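Okay, so here's the structure we're looking at.
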Amino acid sequence: MTGSIRLKRVKPAAKVGIIHIGPGAFFRAFNAVYTHEAMALAGGDWGILAVSLKSTKARDQLLPQGYMYTSVTRSQSGSRHDIIGAIVDVRAAPENPLSIVKAMADPAVKIVSMTITEKGYCHEPATGRLNLNHPDIQHDLAHLDTPKSAVGFIVAALSRRKDAGLSSFTVLSCDNLPSNGKLARSVVLEFARLISADLSDWIEENATFPATMVDRITPATTTEDIARLEAEAGYYDPACVVHEAFRQWVIEDDFVDGRPEWESVGAQMVDSVAAHETMKLRCLNGTHSTLAYLGYLAGFETIADCVANPDFAALCEKLWREEIMPTLQPPDGEDLDSYCARLLERYRDPTIRHLTWQIAMDGSQKLPQRILGTISDNLANGTIPRGLVLAVAAWMRYVGGADENGEPIDVRDPLADRLKQISDASIDKVSALLNIEEVFSRELADNPQFRDAVAAAYNSISENGTFDAVQSYVRA
Ligand code: CS2
């Protein structure tokens, strides 16, 4: 692309009130859009300083355009372009970690929010405890002034605020994890306690960690997306994000020192987010991961490609009806049948090219809350959820690293090496993988009905192929 015309900020930026960790596509399509709209409507100094914990990519893309970028809402009726100006600074933490700690300790900062994905919490997915063997956690415990992990930054900044006699900020987790606020709280407190009991007590008393449910399908931006925006709008914006029109943000209203008026632009402020979160994780993310593994192995590139196939659409419907909905308490204002019918429509939109490969990433961190909890609830009710079990077997096939034609799969997962090595070295791959304690709870891994069902599903995929296994399930 030519890069001749780029975005420029036309109005002065708002002052920083929020520091957000994780400036990726989802944050730009979601949190920043809500905050931009809320400031436009209701005002407030809620400018966002976005911090990346690893790469300089977001900063390099956004800095030359005054941190402005385009939010592209795509649907079958066309594209809509909105220029988002809520971000007022972007920094790459590794370049100067101490400056980020200091920025977070500034009293003008009222909220530290994050979209750092499941693995960013440095916890053990099966237990929710802080992983003390995590290299970043070990580093941060020894060098609190120059942290690497989100937990380290939060504790370092809160420690400074405590010492300076300031108030705490609100920690706002926006990741697809059950009780994400509680998890953030418990890893922060566990880490802080290792620094000092005083600090951890202070955080416990002064900070809040509201849980949230976030939802907007946002595939990674591609070079085609950037080229298409340039063709449609006449300017080059490498920081643009492309997403669906749908969005839903449910937030527990428990903030230490104010917040943007997000409810004025559609966010739902509630007392407890738990029922919303479980519904979304199990209905949406559970079927997303199911389609990711089964779909990838069956040769489908995107979610829309998967559900354009009648058997794969029937797979989703059967999972919702027979295995997922029976485990759920519908949250206030939601009807599960219409929620799931709407999901299928969202998946069907061919203009949203969400890769099965992208969703398949980090399965070891995702399976517990998306699929395994639902399986446990079914087993407790005396039923074997064969579709979800098939999804687990497909994950096991996938992490073995070769597709049905023997072509290598680029498996991205913090446990990728271990998963591959276990798959390569074991004759009974299913039992060996079920023994990974970070993923499968002892109770589930020891359940003989579950073990047998996964082994049977795995064999069915290996012997007859994924497509056939899906057909047998939906037609049974
Ligand atoms: C997806 C989610 O990549 C994934 O694992 O399941 O990012 C999903 O698109 C969002 O949670 C939708 O809100």
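Note on naming: chains are A, B, ... as they come in the structure tokens, residues start from 1 per chain, ligands start from 1 in the order shown.
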
Expected selection as a ChimeraX atom specification for ligand 1 within 7 Å, only C-alpha atoms and all ligand atoms: /A:176,214-218,284-285,288-289,358-360

Take the residues that were just selected and, keeping N, CA and C atoms, output them as a tab-separated table (two decimals), in the first residue's frame.
chain	number	residue	atom	x	y	z
A	176	ASN	N	-12.03	-13.46	28.36
A	176	ASN	CA	-13.04	-14.52	28.33
A	176	ASN	C	-12.75	-15.59	29.37
A	214	VAL	N	-17.58	-9.72	27.96
A	214	VAL	CA	-17.32	-8.94	26.74
A	214	VAL	C	-17.66	-9.79	25.53
A	215	ASP	N	-18.25	-9.18	24.52
A	215	ASP	CA	-18.59	-9.97	23.33
A	215	ASP	C	-18.64	-9.13	22.06
A	216	ARG	N	-17.73	-9.39	21.19
A	216	ARG	CA	-17.79	-8.85	19.83
A	216	ARG	C	-16.78	-9.68	19.00
A	217	ILE	N	-17.24	-10.30	17.95
A	217	ILE	CA	-16.35	-11.13	17.15
A	217	ILE	C	-15.44	-10.23	16.32
A	218	THR	N	-14.14	-10.39	16.55
A	218	THR	CA	-13.13	-9.51	15.95
A	218	THR	C	-11.94	-10.33	15.47
A	284	LEU	N	-21.14	-19.44	23.28
A	284	LEU	CA	-20.36	-18.89	22.17
A	284	LEU	C	-18.96	-19.50	22.12
A	285	ASN	N	-18.16	-19.24	23.15
A	285	ASN	CA	-16.78	-19.69	23.08
A	285	ASN	C	-16.68	-21.22	23.04
A	288	HIS	N	-17.40	-22.10	19.52
A	288	HIS	CA	-16.29	-21.57	18.72
A	288	HIS	C	-15.11	-22.54	18.76
A	289	SER	N	-14.73	-22.95	19.97
A	289	SER	CA	-13.57	-23.86	20.08
A	289	SER	C	-13.89	-25.22	19.46
A	358	GLN	N	-7.10	-19.37	14.17
A	358	GLN	CA	-6.93	-18.33	15.20
A	358	GLN	C	-7.62	-18.74	16.50
A	359	ILE	N	-8.83	-19.26	16.37
A	359	ILE	CA	-9.59	-19.62	17.58
A	359	ILE	C	-8.98	-20.85	18.26
A	360	ALA	N	-8.33	-21.70	17.44
A	360	ALA	CA	-7.72	-22.92	18.00
A	360	ALA	C	-6.51	-22.62	18.89

Who sits within 10 Å of A:Gly152, only C-alpha atoms, same chain under 2 positions skipped, as an mmCIF file with N, CA and C atoms, in the first residue's frame:
data_model
loop_
_atom_site.group_PDB
_atom_site.id
_atom_site.type_symbol
_atom_site.label_atom_id
_atom_site.label_comp_id
_atom_site.auth_asym_id
_atom_site.auth_seq_id
_atom_site.Cartn_x
_atom_site.Cartn_y
_atom_site.Cartn_z
ATOM 1 N N VAL A 101 4.860 1.708 35.321
ATOM 2 C CA VAL A 101 4.501 1.621 36.751
ATOM 3 C C VAL A 101 4.175 3.027 37.259
ATOM 4 N N ASP A 136 7.764 -15.121 34.048
ATOM 5 C CA ASP A 136 7.499 -13.685 34.255
ATOM 6 C C ASP A 136 7.171 -13.398 35.724
ATOM 7 N N ILE A 137 6.464 -14.312 36.352
ATOM 8 C CA ILE A 137 6.125 -14.116 37.773
ATOM 9 C C ILE A 137 7.397 -14.190 38.613
ATOM 10 N N GLN A 138 8.236 -15.157 38.299
ATOM 11 C CA GLN A 138 9.499 -15.266 39.048
ATOM 12 C C GLN A 138 10.324 -13.997 38.858
ATOM 13 N N HIS A 139 10.363 -13.520 37.629
ATOM 14 C CA HIS A 139 11.110 -12.288 37.352
ATOM 15 C C HIS A 139 10.533 -11.121 38.149
ATOM 16 N N ASP A 140 9.221 -10.981 38.115
ATOM 17 C CA ASP A 140 8.590 -9.807 38.740
ATOM 18 C C ASP A 140 8.720 -9.822 40.270
ATOM 19 N N LEU A 141 8.724 -11.010 40.841
ATOM 20 C CA LEU A 141 8.883 -11.071 42.300
ATOM 21 C C LEU A 141 10.273 -10.567 42.693
ATOM 22 N N HIS A 143 12.104 -8.397 40.681
ATOM 23 C CA HIS A 143 12.376 -7.043 40.125
ATOM 24 C C HIS A 143 11.063 -6.283 39.986
ATOM 25 N N LEU A 144 10.493 -5.874 41.083
ATOM 26 C CA LEU A 144 9.156 -5.281 41.027
ATOM 27 C C LEU A 144 9.121 -3.902 40.339
ATOM 28 N N ASP A 145 10.272 -3.236 40.249
ATOM 29 C CA ASP A 145 10.280 -1.922 39.581
ATOM 30 C C ASP A 145 10.230 -2.028 38.066
ATOM 31 N N THR A 146 10.587 -3.192 37.558
ATOM 32 C CA THR A 146 10.611 -3.362 36.097
ATOM 33 C C THR A 146 9.876 -4.644 35.719
ATOM 34 N N PRO A 147 8.576 -4.681 35.966
ATOM 35 C CA PRO A 147 7.854 -5.950 35.776
ATOM 36 C C PRO A 147 7.660 -6.316 34.312
ATOM 37 N N LYS A 148 7.223 -7.559 34.116
ATOM 38 C CA LYS A 148 6.909 -8.047 32.768
ATOM 39 C C LYS A 148 5.446 -8.456 32.658
ATOM 40 N N SER A 149 4.871 -8.932 33.757
ATOM 41 C CA SER A 149 3.502 -9.464 33.683
ATOM 42 C C SER A 149 2.492 -8.383 34.091
ATOM 43 N N ALA A 150 1.243 -8.569 33.663
ATOM 44 C CA ALA A 150 0.185 -7.637 34.049
ATOM 45 C C ALA A 150 0.053 -7.608 35.573
ATOM 46 N N ILE A 154 0.457 -4.282 38.010
ATOM 47 C CA ILE A 154 -0.631 -3.821 38.883
ATOM 48 C C ILE A 154 -0.141 -3.732 40.333
ATOM 49 N N VAL A 155 0.539 -4.784 40.775
ATOM 50 C CA VAL A 155 0.990 -4.785 42.174
ATOM 51 C C VAL A 155 2.057 -3.706 42.389
ATOM 52 N N ALA A 156 2.964 -3.552 41.441
ATOM 53 C CA ALA A 156 4.015 -2.528 41.587
ATOM 54 C C ALA A 156 3.378 -1.147 41.700
ATOM 55 N N ALA A 157 2.376 -0.877 40.847
ATOM 56 C CA ALA A 157 1.749 0.447 40.856
ATOM 57 C C ALA A 157 0.925 0.649 42.126
ATOM 58 N N LEU A 158 0.216 -0.401 42.551
ATOM 59 C CA LEU A 158 -0.603 -0.255 43.763
ATOM 60 C C LEU A 158 0.295 -0.053 44.984
ATOM 61 N N VAL A 187 -5.139 -13.558 41.687
ATOM 62 C CA VAL A 187 -3.716 -13.603 41.301
ATOM 63 C C VAL A 187 -2.966 -12.362 41.805
ATOM 64 N N VAL A 188 -3.638 -11.202 41.802
ATOM 65 C CA VAL A 188 -2.990 -9.983 42.307
ATOM 66 C C VAL A 188 -2.702 -10.129 43.811
ATOM 67 N N PHE A 191 0.092 -12.667 44.516
ATOM 68 C CA PHE A 191 1.394 -12.082 44.198
ATOM 69 C C PHE A 191 1.784 -11.055 45.265
ATOM 70 N N ALA A 192 0.827 -10.170 45.622
ATOM 71 C CA ALA A 192 1.128 -9.097 46.574
ATOM 72 C C ALA A 192 1.541 -9.672 47.931
#

Exercise: A:Leu183 partners within 10 Å, only C-alpha atoms, chain neighbours under 6 positions left out, as a list in words: Tyr121, His123, Gly128, Arg129, Leu130, Ser173, Leu177, Leu189, Phe209 and Ala211 of chain A

Mind running stretch 88-185 of chain A against stretch 265-276 of chain A at 12 Å and telling me each contacting residue's nearest atom pair with the distance in Å (one decimal), counting only C-alpha atoms, chain and number ascending, as JSON lines?
{"residue": "A:Cys174", "atom": "CA", "partner": "A:Val273", "partner_atom": "CA", "distance": 11.9}
{"residue": "A:Asn176", "atom": "CA", "partner": "A:His276", "partner_atom": "CA", "distance": 11.5}
{"residue": "A:Leu177", "atom": "CA", "partner": "A:Ala274", "partner_atom": "CA", "distance": 10.4}
{"residue": "A:Pro178", "atom": "CA", "partner": "A:Ala274", "partner_atom": "CA", "distance": 7.3}
{"residue": "A:Ser179", "atom": "CA", "partner": "A:Ala274", "partner_atom": "CA", "distance": 6.4}
{"residue": "A:Asn180", "atom": "CA", "partner": "A:Ala274", "partner_atom": "CA", "distance": 9.4}
{"residue": "A:Gly181", "atom": "CA", "partner": "A:Val273", "partner_atom": "CA", "distance": 9.7}
{"residue": "A:Lys182", "atom": "CA", "partner": "A:Ala274", "partner_atom": "CA", "distance": 10.6}

Expected answer as a ChimeraX atom specification: helix (DSSP H, G or I) residues in stretch 227-352 of chain A: /A:227-233,262-265,274-297,303-308,310-327,336-348

Separation of atom CA of A:Pro107 from atom CA of A:Leu199, in Å and rounded to one decimal: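 According to the coordinates, atom CA of A:Pro107 and atom CA of A:Leu199 are separated by 17.9 Å.
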
Nearest-residue call for A:Ile251, choices A:Gln421, A:Asn31, A:Ser77, A:Thr221, using only C-alpha atoms: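 Selected residue with least distance to A:Ile251: A:Asn31.
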
Selected residue, from A:Glu124, A:Glu407, A:Asp335, A:Asp82, that lies nearest to A:His243 when counting only C-alpha atoms: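 Using only C-alpha atoms, the shortest distance to A:His243 belongs to A:Asp82.
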
Residue list (strand (DSSP E), DSSP) for stretch 79-320 of chain A, as a PyMOL selection string: chain A and resi 79-84+87-92+111-114+170-173+212-215+241-243+248-252+268-270

Residues within 7 Å of stretch 86-95 of chain A, only C-alpha atoms, excluding chain neighbours under 2 positions, as number ranges by chain: A: 13, 32, 35-36, 47-56, 59, 67, 84, 97, 100

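Residues with any atom within 12 Å of A:Lys429, counting only C-alpha atoms and excluding same-chain neighbours fewer than 5 positions away, are Ala393, Trp395, Met396, Arg397, Val399, Gly400, Leu419, Lys420, Gln421, Ile422, Ser423, Asp424, Leu434, Asn435, Ile436, Arg451, Val454, Ala455, Tyr458, Asn459 and Ser462 of chain A.
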